[in-house]
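What follows is a short report on a single structure.
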Amino acid sequence: MSSSSSSHPRDVVVVDALRTASGKGRAGGALADVHPVDLLSQVLETLLSRSPALDPGDVDDVLIGCVSQVGEQSATPGRLAWLGAGLPAHVPATTIDRKCGSSQQAVHFAAQAIRSGEQDVVVAGGIESMSRVVMGSARMGADPYGERVAERFAPGLVSQGVAAELVAARWKLSRTELDELSVRSHELAGAALESGRFERETATVQTPAGPFGRDETVRAGSSVERLGALKTVFETPELSARFPEIDWSVTAGNSSQITDGASALLLMSRERADQLGLAPRARVHSMAVVGDDPLLMLTGPIPATHKILARSGLRLDEIDHVELNEAFAPVPLAWLAEFDIDPARLNPRGGAIALGHPLGASGTRLMTTMLHALEDADQRFGLQLMCEAGGMANATILERL
């Protein structure tokens with residue numbers, strides 16, 4: 001146990017946060033020729049170098065989210081990335097899979113360890129190279145459900161894309177509304193990119209083609225008319241017969257982009273930050289995780305919001321910035337339909353439709369963007385929400401210091 005542990009929960013602070021720029025998750029993408037371990041290694045190296053008062057050997061643990069833990073991502077990538085960065089070999093690491101919320105859950109586990117006094121300094125982050133380790137490859141050719149789940153949810157659970165269609169049907173969201181949100185995501189991300197607002201949060205990484213540090217997924221010239229010409233991608237005769245309520249509307253244009261990326265946060269107790277003379281940028285105010293309907297799957301951010309607000313004692317009108325992962329356009333639109341909040345507070349720098357969704361890295365990518373946005377706007381509270389496969393969701397409130 002840490003020598004500074006006590007019977008009282010301790011403040012957990014964010015000292016620093018970094019992400020890579022978003023690389024298209026396909027052959028020819030800017031990060032496609034970088035091994036995922038090497039990609040994460042560069043982020044960890046840069047993150048630790050920015051806090052020279054901290055001896056990297058004093059890091060208690062490295063918690064890394066990763067969804068497709070096969071092939072190049074199969075051998076505890078956080079451990080290998082730490083070693084690849086030339087950091088002390090006695091520091092351990094582990095890998096976390098809570099699907100899209102994996103690295104957000106890494107932050108939660110880190111905060112719980114620090115708050116309890118068991119640890120003082122933890123790095124929490126994520127990695128996903130979707131160009132090199134194909135989404136779903138961890139279960140390729142396998143039945144992940146087993147007989148008992150299949151019996152309980154007969155005639156069967158569905159993919160996330162079909163779940164997004166069910167959410168759109170439940171909240172009566174039109175194709176135009178989905179495409180309008182997608183255009184907004186690209187416009188806001190494009191404005192942030194062109195104004196340089198992403199520069200502070202982005203770590204430039206070396207690739208075989210040279211340095212890369214600018215998101216390549218943003219299409220600021222997108223339009224509802226262009227998106228409206230795209231075909232829907234999840235409709236089949238069998239599903240149409242099973243779900244006659246669906247007016248098929250989910251396309252590649254109103255879904256998150258497949259991308260490569262890594263991200264990480266440096267967290268510690270406030271006492272340790274004070275001892276080192278490091279200025280905390282935020283504190284982890286509140287955390288929550290929920291399960292929800294596994295068929296609709298993507299609705300978890302709604303009960304997660306209720307749970308974390310009740311736990312935190314805050315009202316939604318006290319939240320300055322909401323970062324809700326745009327896995328599919330129906331997700332933020334359904335959330336907005338349930339809560340009375342100014343839509344301008346939601347994803348004000350765009351979301352995963354424009355910036356991509358590198359599964360295991362998305363949680364700390366969103367948190368990195370949210371922290372920098374709170375600082376730039378001189379705001380106090382940010383709420384991050386992440387829908388997750390299986391009908392789960394993480395929620396985190398950061399308080400900027």
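FYI, nothing fancy with the structure tokens labels: chains A, B, ... in order, residues from 1 per chain, ligands from 1 as they appear.
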
Legend entry - Non-local contacts of region 335-347 of chain A (10 Å; only C-alpha atoms; under 2 positions in same chain excluded) as an MDAnalysis selection string: chainID A and resid 171 173 184:185 188:189 299:303 305:306 316:317 319:326 330:333 349:352 366 369:370 373 382:384

Within 9 Å of His372 (chain A) using only C-alpha atoms, minus same-chain residues under 3 positions, as a short mmCIF file (atom, residue, chain, number, x, y, z; two decimals) with C-alpha atoms, in the first residue's frame:
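Final output, saved to out.cif:
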data_model
loop_
_atom_site.label_atom_id
_atom_site.label_comp_id
_atom_site.auth_asym_id
_atom_site.auth_seq_id
_atom_site.Cartn_x
_atom_site.Cartn_y
_atom_site.Cartn_z
CA ALA A 17 -3.39 14.41 -21.41
CA ARG A 197 -7.27 24.38 -31.13
CA PHE A 198 -6.27 20.72 -31.44
CA ARG A 200 -2.02 21.46 -27.66
CA GLU A 201 -3.65 18.07 -27.22
CA MET A 367 -11.23 13.10 -22.29
CA THR A 368 -8.13 14.78 -23.73
CA THR A 369 -10.24 16.88 -26.08
CA GLU A 375 -9.35 25.18 -20.48
CA ASP A 376 -9.70 27.16 -23.68
CA ALA A 377 -13.24 28.27 -22.81
#

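Residue nearest Val224 (chain A), chosen from A:Arg148, A:Arg281, A:Arg170, A:Arg175 and counting only C-alpha atoms: A:Arg175.
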
Write out as a PDB file with C-alpha atoms, in the first residue's frame the residues lying within 10 Å of Ser159 (chain A), counting only C-alpha atoms and excluding same-chain residues fewer than 2 positions away.
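Writing done, so here's selection_31.pdb:
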ATOM      1  CA  LEU A 157     -29.025  -9.781 -30.339  1.00  0.00           C
ATOM      2  CA  GLY A 161     -25.268  -0.760 -36.589  1.00  0.00           C
ATOM      3  CA  VAL A 162     -28.685  -2.401 -36.335  1.00  0.00           C
ATOM      4  CA  ALA A 163     -28.918  -1.207 -32.730  1.00  0.00           C
ATOM      5  CA  ALA A 164     -28.340   2.336 -34.015  1.00  0.00           C
ATOM      6  CA  PHE A 234     -27.133  -2.602 -42.309  1.00  0.00           C
ATOM      7  CA  LEU A 295     -30.658  -5.122 -27.878  1.00  0.00           C
ATOM      8  CA  LEU A 296     -30.813  -1.327 -28.205  1.00  0.00           C
ATOM      9  CA  MET A 297     -27.219  -1.454 -26.903  1.00  0.00           C
ATOM     10  CA  ALA A 389     -21.190  -2.965 -26.872  1.00  0.00           C
ATOM     11  CA  GLY A 390     -23.472  -5.197 -24.851  1.00  0.00           C
TER      12      GLY A 390
END

Region 82-195 of chain A residues near region 251-267 of chain A within 6 Å, closest pair each, using only C-alpha atoms, as JSON lines:
{"residue": "A:Val121", "atom": "CA", "partner": "A:Leu267", "partner_atom": "CA", "distance": 5.9}
{"residue": "A:Val122", "atom": "CA", "partner": "A:Leu267", "partner_atom": "CA", "distance": 5.4}
{"residue": "A:Val123", "atom": "CA", "partner": "A:Leu266", "partner_atom": "CA", "distance": 4.8}
{"residue": "A:Ala124", "atom": "CA", "partner": "A:Leu265", "partner_atom": "CA", "distance": 5.3}
{"residue": "A:Gly125", "atom": "CA", "partner": "A:Ala264", "partner_atom": "CA", "distance": 3.8}
{"residue": "A:Gly126", "atom": "CA", "partner": "A:Ser263", "partner_atom": "CA", "distance": 5.5}
{"residue": "A:Ile127", "atom": "CA", "partner": "A:Ala262", "partner_atom": "CA", "distance": 4.4}
{"residue": "A:Glu128", "atom": "CA", "partner": "A:Asp260", "partner_atom": "CA", "distance": 5.8}
{"residue": "A:Ser129", "atom": "CA", "partner": "A:Asp260", "partner_atom": "CA", "distance": 4.4}
{"residue": "A:Met130", "atom": "CA", "partner": "A:Asp260", "partner_atom": "CA", "distance": 5.4}
{"residue": "A:Asp179", "atom": "CA", "partner": "A:Asn254", "partner_atom": "CA", "distance": 5.8}
{"residue": "A:Ser182", "atom": "CA", "partner": "A:Asn254", "partner_atom": "CA", "distance": 5.3}

For the residues selected in the previous step, produce a file with C-alpha atoms as a CSV table (one decimal), in the first residue's frame.
chain,number,residue,atom,x,y,z
A,121,VAL,CA,0.6,7.8,-9.9
A,122,VAL,CA,-1.0,6.0,-12.8
A,123,VAL,CA,-1.0,6.3,-16.6
A,124,ALA,CA,-4.3,5.5,-18.2
A,125,GLY,CA,-4.8,5.4,-21.9
A,126,GLY,CA,-5.7,3.3,-24.9
A,127,ILE,CA,-4.6,2.0,-28.3
A,128,GLU,CA,-6.3,0.7,-31.4
A,129,SER,CA,-4.8,0.2,-34.8
A,130,MET,CA,-7.9,-0.6,-36.8
A,179,ASP,CA,-27.0,13.6,-41.6
A,182,SER,CA,-22.8,14.4,-39.1

Inset, instruction - Check the smallest atom-to-atom distance from each of A:Asp378, A:Val284, A:Pro155, A:Glu216 to Glu238 (chain A) using only C-alpha atoms, then report the winner. - result: A:Pro155

Legend entry - All helix (DSSP H, G or I) residues (DSSP, backbone) inside region 251-373 of chain A, as a PyMOL selection string: chain A and resi 270-276+301-312+316-318+330-338+343-345+352-355+359-373

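Put simply, CA of His357 (chain A) is 23.2 Å away from CA of Gly210 (chain A).
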
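Every protein or nucleic acid residue with an atom no more than 10 Å from Gly28 (chain A), counting only C-alpha atoms and leaving out same-chain residues fewer than 5 positions away, appears here: Gly23, Asp33 and Ser131 of chain A.
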
Inset, instruction - Run DSSP on the backbone of this structure and report the residues of region 160-357 of chain A it assigns to strand (DSSP E or B), as a ChimeraX atom specification. - result: /A:202,205-207,210-212,232,251,255,259-269,282-291,321-324,328,346

Go ahead and save the residues from that selection, with C-alpha atoms, as a PDB file, in the first residue's frame.
ATOM      1  CA  THR A 202      -1.982  16.303 -30.147  1.00  0.00           C
ATOM      2  CA  VAL A 205       4.398  10.842 -33.917  1.00  0.00           C
ATOM      3  CA  GLN A 206       6.994   9.532 -36.323  1.00  0.00           C
ATOM      4  CA  THR A 207       5.852   7.304 -39.177  1.00  0.00           C
ATOM      5  CA  GLY A 210       7.568  11.298 -41.692  1.00  0.00           C
ATOM      6  CA  PRO A 211       6.014  13.120 -38.731  1.00  0.00           C
ATOM      7  CA  PHE A 212       2.228  13.022 -38.358  1.00  0.00           C
ATOM      8  CA  THR A 232     -27.613   2.481 -45.880  1.00  0.00           C
ATOM      9  CA  THR A 251     -24.793   5.036 -43.419  1.00  0.00           C
ATOM     10  CA  SER A 255     -21.395   6.659 -38.322  1.00  0.00           C
ATOM     11  CA  THR A 259      -9.358   5.015 -37.355  1.00  0.00           C
ATOM     12  CA  ASP A 260      -5.961   4.370 -35.839  1.00  0.00           C
ATOM     13  CA  GLY A 261      -4.966   6.199 -32.682  1.00  0.00           C
ATOM     14  CA  ALA A 262      -3.535   6.219 -29.177  1.00  0.00           C
ATOM     15  CA  SER A 263      -4.112   8.474 -26.182  1.00  0.00           C
ATOM     16  CA  ALA A 264      -3.091   8.690 -22.528  1.00  0.00           C
ATOM     17  CA  LEU A 265      -3.578  10.647 -19.301  1.00  0.00           C
ATOM     18  CA  LEU A 266      -1.172  11.116 -16.404  1.00  0.00           C
ATOM     19  CA  LEU A 267      -3.113  10.893 -13.139  1.00  0.00           C
ATOM     20  CA  MET A 268      -1.954  11.189  -9.560  1.00  0.00           C
ATOM     21  CA  SER A 269      -3.075  12.161  -6.106  1.00  0.00           C
ATOM     22  CA  ALA A 282      -8.393  18.910 -13.550  1.00  0.00           C
ATOM     23  CA  ARG A 283      -9.701  16.530 -10.954  1.00  0.00           C
ATOM     24  CA  VAL A 284     -11.798  13.434 -11.472  1.00  0.00           C
ATOM     25  CA  HIS A 285     -14.989  14.661  -9.821  1.00  0.00           C
ATOM     26  CA  SER A 286     -17.338  11.676 -10.300  1.00  0.00           C
ATOM     27  CA  MET A 287     -17.546   8.343 -12.088  1.00  0.00           C
ATOM     28  CA  ALA A 288     -20.311   5.903 -12.970  1.00  0.00           C
ATOM     29  CA  VAL A 289     -20.898   2.856 -15.131  1.00  0.00           C
ATOM     30  CA  VAL A 290     -24.211   1.232 -16.077  1.00  0.00           C
ATOM     31  CA  GLY A 291     -25.712  -1.595 -18.032  1.00  0.00           C
ATOM     32  CA  HIS A 321     -19.250  20.692 -21.830  1.00  0.00           C
ATOM     33  CA  VAL A 322     -20.648  17.261 -22.715  1.00  0.00           C
ATOM     34  CA  GLU A 323     -18.451  14.884 -24.685  1.00  0.00           C
ATOM     35  CA  LEU A 324     -20.636  12.022 -25.950  1.00  0.00           C
ATOM     36  CA  PHE A 328     -23.557   6.565 -34.650  1.00  0.00           C
ATOM     37  CA  LEU A 346     -22.554  18.807 -26.815  1.00  0.00           C
TER      38      LEU A 346
END
